[in-house]
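Reviewing the structure listed below.
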Amino acid sequence: MKTLLWVEHEDGGIKDATLSSVTAAARIGEVHLLVVGYDVGAVATQAAAIAGVQKVHVADDVAYAHALAENVAPLIVQLMAGHDVFVAPATSNGKNIAPRVAALLDVMQISDILSVEEDGSFTRPIYAGNAVATVRSRDAKKVVTVRGTAFDKAAREGGSAAIETVASTGDRGVSAFVSAVIVRQERPELTSAKMIVAGGRALKDSETFAQHLFPLADKLGAAVGASRAAVDAGYVPNDYQVGQTGKIVAPEIYLAVGISGAIQHLAGMKDSKTIIAINKDADAPIFQVADIGLVGDLFQVVPELTAKL
Amino acid sequence: MKILVPVKRVIDYNVKPRVRADGSGVDLANVKMSMNPFDEIAVEEAVRLKEKGVATEVVAVSIGSAKAQEVLRTALAMGADRAILIESDAEVEPLAVAKLLAAVQAEEQAGLMILGKQAIDDDSNQTGQMLAALLDLPQATFASKLEVAADSVTVTREVDGGLETLKLDLPAIVTTDLRLNEPRYASLPNIMKAKSKPLATRAVADFGVDVTPRLETLKVTEPAKRVAGVKVADVDELVAKLKSLGVAA
(Lines give C-alpha, C1' and ligand atoms only; values in the text may rest on other atoms or scores of the structure.)
Protein backbone atom coordinates (compact mmCIF):
# COMPACT_ATOMS: atom_id res chain seq x y z
CA MET A 1 0.00 0.00 0.00
CA LYS A 2 1.25 3.46 -0.89
CA THR A 3 0.03 6.41 1.11
CA LEU A 4 0.09 10.03 0.00
CA LEU A 5 0.19 12.42 2.94
CA TRP A 6 -0.62 16.10 2.54
CA VAL A 7 1.94 18.13 4.50
CA GLU A 8 0.64 20.93 6.71
CA HIS A 9 3.22 23.71 6.82
CA GLU A 10 3.32 27.34 7.78
CA ASP A 11 5.96 30.04 7.34
CA GLY A 12 8.42 27.56 5.88
CA GLY A 13 8.13 25.04 8.72
CA ILE A 14 6.35 21.69 8.94
CA LYS A 15 3.64 21.54 11.61
CA ASP A 16 3.61 18.86 14.30
CA ALA A 17 0.25 17.55 13.05
CA THR A 18 2.07 16.35 9.94
CA LEU A 19 4.54 14.35 12.02
CA SER A 20 1.75 12.51 13.86
CA SER A 21 0.15 11.76 10.51
CA VAL A 22 3.43 10.30 9.23
CA THR A 23 3.28 7.78 12.09
CA ALA A 24 -0.32 6.91 11.17
CA ALA A 25 0.53 6.62 7.47
CA ALA A 26 3.50 4.35 8.23
CA ARG A 27 1.07 1.91 9.91
CA ILE A 28 -0.89 1.78 6.66
CA GLY A 29 1.97 1.44 4.19
CA GLU A 30 4.73 3.25 2.36
CA VAL A 31 4.81 6.96 3.21
CA HIS A 32 4.90 9.47 0.38
CA LEU A 33 4.52 13.12 1.26
CA LEU A 34 3.01 15.89 -0.79
CA VAL A 35 4.29 19.40 -0.19
CA VAL A 36 1.99 21.90 -1.89
CA GLY A 37 2.46 25.63 -1.66
CA TYR A 38 4.30 28.61 -3.01
CA ASP A 39 8.06 28.87 -2.55
CA VAL A 40 8.19 25.63 -0.58
CA GLY A 41 11.60 24.30 -1.53
CA ALA A 42 12.82 24.47 2.07
CA VAL A 43 9.69 22.71 3.28
CA ALA A 44 10.33 19.88 0.82
CA THR A 45 13.88 19.50 2.14
CA GLN A 46 12.52 19.26 5.70
CA ALA A 47 9.88 16.79 4.56
CA ALA A 48 12.49 14.54 2.98
CA ALA A 49 14.37 14.40 6.29
CA ILE A 50 11.42 13.08 8.32
CA ALA A 51 12.09 9.55 9.54
CA GLY A 52 10.16 6.88 7.67
CA VAL A 53 9.35 8.93 4.57
CA GLN A 54 10.08 7.22 1.24
CA LYS A 55 9.29 9.95 -1.24
CA VAL A 56 8.37 13.63 -1.33
CA HIS A 57 6.30 15.12 -4.13
CA VAL A 58 6.53 18.89 -4.43
CA ALA A 59 4.13 21.16 -6.25
CA ASP A 60 5.23 24.77 -6.11
CA ASP A 61 2.95 27.39 -7.60
CA VAL A 62 1.45 30.70 -6.57
CA ALA A 63 -1.96 29.06 -7.11
CA TYR A 64 -1.19 26.88 -4.07
CA ALA A 65 -0.07 29.75 -1.81
CA HIS A 66 -3.11 29.63 0.47
CA ALA A 67 -3.99 25.94 0.27
CA LEU A 68 -7.30 26.68 -1.47
CA ALA A 69 -9.16 23.37 -1.69
CA GLU A 70 -10.40 24.14 -5.22
CA ASN A 71 -6.80 24.31 -6.46
CA VAL A 72 -5.16 21.67 -4.29
CA ALA A 73 -7.74 18.87 -4.61
CA PRO A 74 -7.31 18.30 -8.38
CA LEU A 75 -3.54 17.94 -7.89
CA ILE A 76 -4.05 15.34 -5.16
CA VAL A 77 -6.62 13.48 -7.24
CA GLN A 78 -4.11 13.28 -10.09
CA LEU A 79 -1.39 11.93 -7.79
CA MET A 80 -3.78 9.40 -6.28
CA ALA A 81 -3.62 7.45 -9.54
CA GLY A 82 -0.32 6.14 -8.18
CA HIS A 83 -1.29 5.84 -4.49
CA ASP A 84 -3.79 3.80 -2.48
CA VAL A 85 -4.53 5.90 0.59
CA PHE A 86 -4.72 9.67 0.92
CA VAL A 87 -3.86 10.89 4.40
CA ALA A 88 -4.23 14.37 5.88
CA PRO A 89 -3.88 15.67 9.41
CA ALA A 90 -7.29 16.64 10.87
CA THR A 91 -6.33 20.31 11.03
CA SER A 92 -8.57 23.04 9.65
CA ASN A 93 -6.75 22.83 6.30
CA GLY A 94 -6.78 19.03 6.27
CA LYS A 95 -10.48 18.94 7.12
CA ASN A 96 -11.15 21.45 4.36
CA ILE A 97 -9.26 19.63 1.61
CA ALA A 98 -9.62 15.88 2.30
CA PRO A 99 -13.39 15.49 1.76
CA ARG A 100 -13.13 17.38 -1.53
CA VAL A 101 -10.49 14.87 -2.63
CA ALA A 102 -12.59 11.96 -1.36
CA ALA A 103 -15.68 13.00 -3.32
CA LEU A 104 -13.64 13.51 -6.50
CA LEU A 105 -12.27 9.99 -6.04
CA ASP A 106 -15.76 8.69 -5.18
CA VAL A 107 -14.48 7.49 -1.82
CA MET A 108 -16.17 7.74 1.57
CA GLN A 109 -13.67 9.43 3.87
CA ILE A 110 -12.78 8.12 7.33
CA SER A 111 -12.40 11.22 9.50
CA ASP A 112 -10.21 11.75 12.52
CA ILE A 113 -8.72 8.27 12.96
CA LEU A 114 -7.44 7.28 16.39
CA SER A 115 -5.74 4.05 15.33
CA VAL A 116 -4.90 1.80 12.42
CA GLU A 117 -5.85 -1.79 13.26
CA GLU A 118 -4.08 -4.96 12.13
CA ASP A 119 -6.94 -5.98 9.85
CA GLY A 120 -6.90 -2.65 8.02
CA SER A 121 -9.82 -1.17 9.94
CA PHE A 122 -9.64 2.15 11.75
CA THR A 123 -11.05 3.50 14.98
CA ARG A 124 -12.54 6.97 15.12
CA PRO A 125 -14.45 9.03 17.67
CA ILE A 126 -18.15 9.73 17.19
CA TYR A 127 -20.67 11.63 19.32
CA ALA A 128 -18.06 14.08 20.61
CA GLY A 129 -15.83 11.21 21.63
CA ASN A 130 -18.52 9.58 23.77
CA ALA A 131 -18.22 6.53 21.55
CA VAL A 132 -15.49 5.03 19.42
CA ALA A 133 -16.41 3.31 16.16
CA THR A 134 -14.28 0.67 14.46
CA VAL A 135 -14.85 1.01 10.73
CA ARG A 136 -13.66 -0.72 7.61
CA SER A 137 -13.78 0.81 4.16
CA ARG A 138 -15.09 -1.07 1.15
CA ASP A 139 -13.63 1.51 -1.24
CA ALA A 140 -10.66 0.49 -3.38
CA LYS A 141 -8.82 3.70 -2.53
CA LYS A 142 -9.11 5.30 0.88
CA VAL A 143 -9.10 8.81 2.30
CA VAL A 144 -8.39 9.31 6.00
CA THR A 145 -7.75 12.26 8.28
CA VAL A 146 -5.67 11.76 11.39
CA ARG A 147 -6.24 12.98 14.92
CA GLY A 148 -2.81 14.29 15.87
CA THR A 149 -3.06 13.57 19.59
CA ALA A 150 -3.64 9.86 18.95
CA PHE A 151 -0.28 9.19 17.29
CA ASP A 152 3.30 9.84 18.34
CA LYS A 153 5.19 12.34 16.25
CA ALA A 154 7.67 10.96 13.72
CA ALA A 155 11.23 12.24 14.15
CA ARG A 156 12.07 15.32 12.09
CA GLU A 157 15.41 13.75 11.20
CA GLY A 158 16.68 10.41 10.01
CA GLY A 159 15.01 10.18 6.62
CA SER A 160 16.53 10.80 3.23
CA ALA A 161 13.63 10.58 0.80
CA ALA A 162 13.88 11.46 -2.85
CA ILE A 163 12.19 14.71 -3.87
CA GLU A 164 10.16 14.73 -7.04
CA THR A 165 8.65 17.82 -8.62
CA VAL A 166 5.04 17.66 -9.76
CA ALA A 167 3.59 20.02 -12.36
CA SER A 168 0.99 22.46 -11.10
CA THR A 169 -2.64 21.86 -11.95
CA GLY A 170 -3.07 25.62 -11.91
CA ASP A 171 -5.59 28.07 -10.52
CA ARG A 172 -9.23 27.10 -10.98
CA GLY A 173 -10.06 30.76 -10.68
CA VAL A 174 -13.25 30.29 -8.66
CA SER A 175 -11.96 31.28 -5.24
CA ALA A 176 -9.41 33.74 -3.96
CA PHE A 177 -7.60 34.47 -0.75
CA VAL A 178 -8.45 37.94 0.57
CA SER A 179 -6.77 38.27 3.95
CA ALA A 180 -5.91 36.50 7.17
CA VAL A 181 -5.68 37.49 10.79
CA ILE A 182 -3.33 34.92 12.19
CA VAL A 183 -2.49 35.34 15.82
CA ARG A 184 1.19 34.80 16.43
CA GLN A 185 1.23 33.51 19.95
CA GLU A 186 4.38 33.82 21.96
CA ARG A 187 3.17 30.93 24.05
CA PRO A 188 3.39 27.30 22.91
CA GLU A 189 0.87 26.15 20.34
CA LEU A 190 -2.22 24.50 21.83
CA THR A 191 -2.15 21.27 19.88
CA SER A 192 1.47 20.49 20.66
CA ALA A 193 1.91 22.03 24.13
CA LYS A 194 3.01 19.84 27.02
CA MET A 195 0.88 21.89 29.37
CA ILE A 196 -2.27 23.93 28.89
CA VAL A 197 -3.99 26.43 31.13
CA ALA A 198 -7.58 26.88 29.97
CA GLY A 199 -10.27 29.28 31.12
CA GLY A 200 -14.04 29.31 31.00
CA ARG A 201 -16.88 31.75 31.26
CA ALA A 202 -16.18 32.26 34.97
CA LEU A 203 -13.22 34.46 33.99
CA LYS A 204 -15.80 37.27 33.50
CA ASP A 205 -14.25 39.28 30.65
CA SER A 206 -11.25 39.47 28.38
CA GLU A 207 -9.33 41.66 30.80
CA THR A 208 -9.74 39.39 33.81
CA PHE A 209 -9.08 36.37 31.58
CA ALA A 210 -5.74 37.86 30.55
CA GLN A 211 -4.94 39.11 34.05
CA HIS A 212 -5.45 35.75 35.68
CA LEU A 213 -4.51 33.12 33.14
CA PHE A 214 -1.64 34.62 31.17
CA PRO A 215 0.75 35.11 34.15
CA LEU A 216 -0.01 31.57 35.35
CA ALA A 217 0.54 30.12 31.87
CA ASP A 218 3.77 32.06 31.43
CA LYS A 219 5.10 30.89 34.76
CA LEU A 220 4.35 27.29 33.77
CA GLY A 221 5.49 27.69 30.18
CA ALA A 222 1.99 26.57 29.19
CA ALA A 223 -0.25 27.26 26.23
CA VAL A 224 -3.57 29.02 26.85
CA GLY A 225 -6.88 27.51 25.86
CA ALA A 226 -10.53 28.34 26.47
CA SER A 227 -13.97 26.81 26.55
CA ARG A 228 -16.51 27.64 23.89
CA ALA A 229 -18.38 29.81 26.40
CA ALA A 230 -15.29 31.96 26.95
CA VAL A 231 -14.68 32.31 23.21
CA ASP A 232 -18.34 33.07 22.46
CA ALA A 233 -18.26 35.74 25.17
CA GLY A 234 -15.29 37.32 23.40
CA TYR A 235 -12.70 36.83 26.16
CA VAL A 236 -10.24 35.32 23.67
CA PRO A 237 -10.19 34.67 19.88
CA ASN A 238 -11.57 31.51 18.29
CA ASP A 239 -8.22 29.80 17.90
CA TYR A 240 -8.10 29.31 21.69
CA GLN A 241 -11.13 27.03 21.69
CA VAL A 242 -10.73 23.48 22.94
CA GLY A 243 -13.58 21.07 22.33
CA GLN A 244 -15.60 18.91 19.96
CA THR A 245 -15.53 21.57 17.29
CA GLY A 246 -12.45 23.44 18.41
CA LYS A 247 -9.01 22.03 18.94
CA ILE A 248 -8.40 18.53 20.23
CA VAL A 249 -5.59 18.49 22.74
CA ALA A 250 -3.87 15.90 24.92
CA PRO A 251 -1.10 17.58 26.92
CA GLU A 252 0.72 16.15 29.91
CA ILE A 253 -1.15 18.55 32.17
CA TYR A 254 -4.45 20.32 31.45
CA LEU A 255 -5.35 22.92 34.02
CA ALA A 256 -9.01 23.91 33.67
CA VAL A 257 -9.89 27.14 35.40
CA GLY A 258 -13.55 28.11 35.81
CA ILE A 259 -14.63 25.55 33.23
CA SER A 260 -17.73 23.57 34.18
CA GLY A 261 -17.00 20.67 31.83
CA ALA A 262 -19.72 20.42 29.17
CA ILE A 263 -19.40 17.21 27.14
CA GLN A 264 -18.43 19.27 24.11
CA HIS A 265 -15.45 20.67 26.01
CA LEU A 266 -14.48 17.32 27.51
CA ALA A 267 -14.43 15.91 23.98
CA GLY A 268 -11.48 18.15 23.23
CA MET A 269 -9.30 17.47 26.26
CA LYS A 270 -10.24 14.25 28.01
CA ASP A 271 -7.22 12.41 26.67
CA SER A 272 -4.90 14.74 28.57
CA LYS A 273 -2.57 12.81 30.86
CA THR A 274 -3.36 14.73 34.02
CA ILE A 275 -6.38 16.99 34.34
CA ILE A 276 -6.46 19.58 37.09
CA ALA A 277 -9.63 21.58 37.74
CA ILE A 278 -10.20 24.74 39.69
CA ASN A 279 -13.87 25.61 40.07
CA LYS A 280 -15.98 27.12 42.79
CA ASP A 281 -18.84 24.70 42.12
CA ALA A 282 -17.96 21.39 43.81
CA ASP A 283 -20.57 19.64 41.66
CA ALA A 284 -19.19 20.87 38.32
CA PRO A 285 -18.88 17.93 35.88
CA ILE A 286 -15.23 18.79 35.27
CA PHE A 287 -14.43 17.23 38.66
CA GLN A 288 -15.70 13.86 37.41
CA VAL A 289 -12.79 13.68 34.98
CA ALA A 290 -10.18 15.65 36.92
CA ASP A 291 -7.27 13.85 38.54
CA ILE A 292 -6.74 16.75 40.89
CA GLY A 293 -9.49 19.17 41.89
CA LEU A 294 -9.53 22.33 43.91
CA VAL A 295 -12.86 23.83 44.88
CA GLY A 296 -12.43 27.54 45.29
CA ASP A 297 -12.86 31.01 43.88
CA LEU A 298 -10.50 31.29 40.93
CA PHE A 299 -10.02 35.00 41.52
CA GLN A 300 -8.30 34.13 44.79
CA VAL A 301 -6.84 30.74 43.91
CA VAL A 302 -5.19 31.61 40.60
CA PRO A 303 -3.15 34.64 41.78
CA GLU A 304 -2.10 32.68 44.85
CA LEU A 305 -1.08 29.71 42.73
CA THR A 306 0.86 31.93 40.34
CA ALA A 307 2.67 33.55 43.25
CA LYS A 308 3.55 30.25 44.88
CA LEU A 309 4.89 28.49 41.81
CA MET B 1 -31.18 34.29 -5.17
CA LYS B 2 -32.27 30.99 -3.78
CA ILE B 3 -30.47 29.42 -0.80
CA LEU B 4 -30.42 25.70 -0.15
CA VAL B 5 -29.94 24.61 3.46
CA PRO B 6 -29.50 20.92 4.25
CA VAL B 7 -30.44 19.96 7.82
CA LYS B 8 -29.96 16.75 9.80
CA ARG B 9 -31.92 15.27 12.67
CA VAL B 10 -29.47 14.21 15.36
CA ILE B 11 -29.32 13.44 19.06
CA ASP B 12 -29.95 16.63 21.06
CA TYR B 13 -26.65 18.24 22.00
CA ASN B 14 -27.55 18.21 25.69
CA VAL B 15 -28.05 14.46 25.79
CA LYS B 16 -25.14 12.24 26.77
CA PRO B 17 -25.06 9.39 24.26
CA ARG B 18 -25.13 5.84 25.59
CA VAL B 19 -23.32 3.08 23.77
CA ARG B 20 -25.37 -0.11 23.36
CA ALA B 21 -24.04 -3.00 25.40
CA ASP B 22 -23.75 -5.25 22.32
CA GLY B 23 -21.42 -2.78 20.62
CA SER B 24 -23.82 -2.23 17.72
CA GLY B 25 -24.01 1.53 18.10
CA VAL B 26 -25.41 4.35 20.20
CA ASP B 27 -28.83 3.88 21.75
CA LEU B 28 -31.21 6.39 20.18
CA ALA B 29 -34.48 4.86 21.40
CA ASN B 30 -36.48 7.36 23.45
CA VAL B 31 -33.69 9.91 23.21
CA LYS B 32 -34.45 13.56 22.54
CA MET B 33 -33.58 14.44 18.94
CA SER B 34 -33.11 17.92 17.47
CA MET B 35 -31.76 19.74 14.49
CA ASN B 36 -27.97 19.52 14.30
CA PRO B 37 -26.76 22.76 15.99
CA PHE B 38 -24.53 23.75 13.07
CA ASP B 39 -27.48 23.31 10.70
CA GLU B 40 -29.56 25.63 12.87
CA ILE B 41 -26.86 28.24 12.37
CA ALA B 42 -27.04 27.59 8.62
CA VAL B 43 -30.82 28.05 8.57
CA GLU B 44 -30.51 31.24 10.63
CA GLU B 45 -27.94 32.68 8.24
CA ALA B 46 -30.08 31.89 5.21
CA VAL B 47 -33.17 33.41 6.82
CA ARG B 48 -31.23 36.55 7.75
CA LEU B 49 -30.06 36.87 4.15
CA LYS B 50 -33.68 36.67 3.08
CA GLU B 51 -34.71 39.27 5.63
CA LYS B 52 -31.97 41.56 4.30
CA GLY B 53 -33.37 41.15 0.81
CA VAL B 54 -30.30 39.29 -0.44
CA ALA B 55 -32.06 35.95 -0.80
CA THR B 56 -35.45 35.45 -2.32
CA GLU B 57 -36.19 31.93 -1.17
CA VAL B 58 -34.82 29.54 1.45
CA VAL B 59 -35.26 25.83 0.82
CA ALA B 60 -34.49 23.34 3.60
CA VAL B 61 -33.59 19.75 2.69
CA SER B 62 -33.20 16.73 4.91
CA ILE B 63 -32.27 13.14 4.22
CA GLY B 64 -33.55 10.71 6.78
CA SER B 65 -36.54 8.89 8.19
CA ALA B 66 -40.07 10.31 8.21
CA LYS B 67 -39.23 11.79 11.60
CA ALA B 68 -36.80 14.19 9.94
CA GLN B 69 -39.96 16.14 9.07
CA GLU B 70 -39.69 17.54 12.60
CA VAL B 71 -36.42 19.31 11.90
CA LEU B 72 -37.71 20.52 8.53
CA ARG B 73 -40.74 22.02 10.32
CA THR B 74 -38.30 23.70 12.70
CA ALA B 75 -36.44 25.16 9.74
CA LEU B 76 -39.76 26.36 8.28
CA ALA B 77 -40.72 27.90 11.63
CA MET B 78 -37.39 29.73 11.70
CA GLY B 79 -38.23 31.24 8.33
CA ALA B 80 -37.43 28.81 5.53
CA ASP B 81 -40.01 28.94 2.72
CA ARG B 82 -40.33 25.30 1.82
CA ALA B 83 -38.80 21.95 2.58
CA ILE B 84 -37.83 18.72 0.88
CA LEU B 85 -37.51 15.41 2.70
CA ILE B 86 -35.63 12.65 0.93
CA GLU B 87 -36.87 9.68 2.85
CA SER B 88 -34.51 6.91 3.86
CA ASP B 89 -34.75 4.63 6.86
CA ALA B 90 -31.21 3.41 6.41
CA GLU B 91 -28.31 5.56 7.49
CA VAL B 92 -26.92 7.54 4.58
CA GLU B 93 -23.21 8.36 4.61
CA PRO B 94 -21.87 11.86 3.88
CA LEU B 95 -20.72 10.92 0.36
CA ALA B 96 -24.21 9.66 -0.55
CA VAL B 97 -25.81 12.66 1.16
CA ALA B 98 -23.61 14.93 -0.93
CA LYS B 99 -24.66 13.08 -4.10
CA LEU B 100 -28.34 13.45 -3.21
CA LEU B 101 -27.86 17.13 -2.44
CA ALA B 102 -26.04 17.59 -5.74
CA ALA B 103 -29.08 16.07 -7.45
CA VAL B 104 -31.38 18.44 -5.54
CA GLN B 105 -29.20 21.37 -6.57
CA ALA B 106 -29.50 20.28 -10.20
CA GLU B 107 -33.25 20.81 -9.84
CA GLU B 108 -33.20 23.87 -7.61
CA GLN B 109 -30.27 25.86 -9.07
CA ALA B 110 -29.64 27.68 -5.79
CA GLY B 111 -27.12 30.52 -5.75
CA LEU B 112 -25.77 29.58 -2.36
CA MET B 113 -25.76 26.42 -0.27
CA ILE B 114 -25.18 26.80 3.46
CA LEU B 115 -24.49 23.65 5.49
CA GLY B 116 -23.46 22.92 9.05
CA LYS B 117 -19.73 22.15 9.19
CA GLN B 118 -20.34 18.83 10.88
CA ALA B 119 -23.12 16.79 12.43
CA ILE B 120 -22.68 16.14 16.13
CA ASP B 121 -23.51 12.44 15.78
CA ASP B 122 -20.93 11.07 13.34
CA ASP B 123 -18.64 14.14 13.58
CA SER B 124 -17.53 13.53 9.98
CA ASN B 125 -17.18 17.12 8.77
CA GLN B 126 -17.40 16.10 5.10
CA THR B 127 -20.74 16.78 3.42
CA GLY B 128 -20.22 20.44 2.44
CA GLN B 129 -16.78 19.85 0.97
CA MET B 130 -18.00 16.76 -0.89
CA LEU B 131 -20.99 18.63 -2.28
CA ALA B 132 -18.68 21.38 -3.52
CA ALA B 133 -16.46 18.78 -5.19
CA LEU B 134 -19.36 17.01 -6.90
CA LEU B 135 -20.81 20.27 -8.20
CA ASP B 136 -17.35 21.60 -9.07
CA LEU B 137 -18.09 24.75 -7.08
CA PRO B 138 -15.96 26.77 -4.65
CA GLN B 139 -16.22 26.12 -0.92
CA ALA B 140 -15.66 28.08 2.28
CA THR B 141 -15.75 25.91 5.35
CA PHE B 142 -16.02 26.92 9.03
CA ALA B 143 -17.55 30.34 8.31
CA SER B 144 -17.87 32.98 11.01
CA LYS B 145 -18.97 35.82 8.71
CA LEU B 146 -20.67 36.03 5.34
CA GLU B 147 -21.06 38.93 2.93
CA VAL B 148 -22.99 38.23 -0.22
CA ALA B 149 -22.54 40.42 -3.31
CA ALA B 150 -24.13 40.11 -6.75
CA ASP B 151 -21.88 37.39 -8.08
CA SER B 152 -19.61 36.52 -5.17
CA VAL B 153 -19.59 35.79 -1.46
CA THR B 154 -16.86 36.89 0.93
CA VAL B 155 -16.45 34.51 3.82
CA THR B 156 -14.42 34.81 6.99
CA ARG B 157 -13.36 31.37 8.19
CA GLU B 158 -12.22 30.10 11.57
CA VAL B 159 -8.90 28.37 10.95
CA ASP B 160 -6.29 26.91 13.30
CA GLY B 161 -4.24 30.06 13.67
CA GLY B 162 -7.06 32.61 13.66
CA LEU B 163 -9.26 33.90 10.85
CA GLU B 164 -8.99 33.76 7.08
CA THR B 165 -11.11 35.56 4.50
CA LEU B 166 -11.87 34.10 1.08
CA LYS B 167 -13.86 35.39 -1.86
CA LEU B 168 -15.81 32.81 -3.84
CA ASP B 169 -17.67 33.05 -7.12
CA LEU B 170 -21.36 32.19 -6.87
CA PRO B 171 -22.86 29.65 -6.77
CA ALA B 172 -20.84 28.49 -3.79
CA ILE B 173 -20.92 26.21 -0.77
CA VAL B 174 -20.43 27.57 2.74
CA THR B 175 -20.25 25.56 5.96
CA THR B 176 -21.00 27.19 9.29
CA ASP B 177 -18.95 27.45 12.42
CA LEU B 178 -20.32 28.29 15.86
CA ARG B 179 -19.84 32.02 15.82
CA LEU B 180 -21.54 32.84 12.54
CA ASN B 181 -24.74 33.78 14.36
CA GLU B 182 -27.01 32.87 17.22
CA PRO B 183 -30.03 31.01 15.87
CA ARG B 184 -33.43 32.35 16.85
CA TYR B 185 -36.12 30.46 18.68
CA ALA B 186 -39.15 30.06 16.49
CA SER B 187 -42.14 31.98 17.84
CA LEU B 188 -45.43 30.20 18.41
CA PRO B 189 -47.20 31.99 15.52
CA ASN B 190 -44.32 31.01 13.24
CA ILE B 191 -44.46 27.41 14.43
CA MET B 192 -48.17 27.41 13.55
CA LYS B 193 -47.48 29.03 10.19
CA ALA B 194 -44.79 26.47 9.45
CA LYS B 195 -47.36 23.70 9.53
CA SER B 196 -48.92 24.99 6.34
CA LYS B 197 -45.69 25.65 4.45
CA PRO B 198 -44.95 23.16 1.65
CA LEU B 199 -42.97 20.05 2.55
CA ALA B 200 -42.34 17.67 -0.34
CA THR B 201 -41.40 14.08 0.34
CA ARG B 202 -39.22 12.34 -2.19
CA ALA B 203 -37.68 8.89 -2.40
CA VAL B 204 -33.96 8.25 -2.72
CA ALA B 205 -34.80 6.30 -5.89
CA ASP B 206 -36.09 9.51 -7.53
CA PHE B 207 -32.56 10.77 -7.73
CA GLY B 208 -30.80 7.68 -9.09
CA VAL B 209 -28.13 7.83 -6.42
CA ASP B 210 -26.55 4.66 -5.06
CA VAL B 211 -26.58 5.08 -1.28
CA THR B 212 -25.06 1.70 -0.41
CA PRO B 213 -22.72 2.32 2.52
CA ARG B 214 -19.02 2.28 1.74
CA LEU B 215 -17.98 1.97 5.36
CA GLU B 216 -18.76 -0.99 7.52
CA THR B 217 -19.01 -0.30 11.25
CA LEU B 218 -17.55 -3.35 12.94
CA LYS B 219 -18.30 -2.20 16.46
CA VAL B 220 -18.98 0.81 18.62
CA THR B 221 -17.44 0.93 22.06
CA GLU B 222 -17.23 3.31 24.96
CA PRO B 223 -13.97 5.21 25.22
CA ALA B 224 -11.71 4.54 28.19
CA LYS B 225 -13.40 6.21 31.13
CA ARG B 226 -11.63 8.69 33.31
CA VAL B 227 -12.29 8.40 37.01
CA ALA B 228 -12.49 11.32 39.36
CA GLY B 229 -9.24 11.78 41.25
CA VAL B 230 -8.53 13.56 44.47
CA LYS B 231 -9.59 16.95 45.71
CA VAL B 232 -6.95 19.12 47.31
CA ALA B 233 -7.86 21.46 50.14
CA ASP B 234 -5.83 24.52 49.23
CA VAL B 235 -3.32 26.10 46.90
CA ASP B 236 -0.33 24.81 48.87
CA GLU B 237 -1.48 21.25 48.37
CA LEU B 238 -2.04 21.93 44.67
CA VAL B 239 1.46 23.37 44.34
CA ALA B 240 2.86 20.24 46.00
CA LYS B 241 0.91 18.05 43.54
CA LEU B 242 2.17 20.08 40.59
CA LYS B 243 5.73 19.69 41.82
CA SER B 244 5.29 15.95 42.13
CA LEU B 245 4.20 15.98 38.48
CA GLY B 246 7.50 17.55 37.61
CA VAL B 247 6.27 21.11 37.16
CA ALA B 248 9.13 23.39 38.03
CA ALA B 249 8.59 25.86 40.81
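In the C-alpha coordinates, each chain is lettered A, B, ... as it comes, each chain's residues begin at 1, and ligands are numbered from 1 in order of appearance.
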Please give the complete set of residues from segment 67-234 of chain B that DSSP, run on the backbone, assigns to helix (DSSP H, G or I), formatted as a VMD selection string.
chain B and resid 67 to 78 94 to 108 127 to 135 178 to 180 188 to 194 204 to 207
At a cut-off of 7 Å, using only C-alpha atoms, what residues contact segment 181-188 of chain A? Leave out same-chain residues fewer than 3 positions from it and give the result as a count of residues only.
7
Using only C-alpha atoms, which of the listed residues (A:Gly29, A:Gly258, A:Pro99, A:Gly296) sits closest to chain B?
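Smallest separation from chain B among the options: A:Pro99.
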Considering only C-alpha atoms, can you say which of B:Asp123, B:Asp169, B:Asp81, B:Glu237 comes closest to Asp136 of chain B?
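Between B:Asp123, B:Asp169, B:Asp81, B:Glu237, the residue approaching Asp136 of chain B most closely is B:Asp169.
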DSSP-assigned strand (DSSP E or B) members of segment 75-286 of chain A, reported as a ChimeraX atom specification:
/A:85-89,110-113,115-116,122-126,131-137,142-146,162-165,175-182,195-199,223-226,241-242,247,253-257,274-279
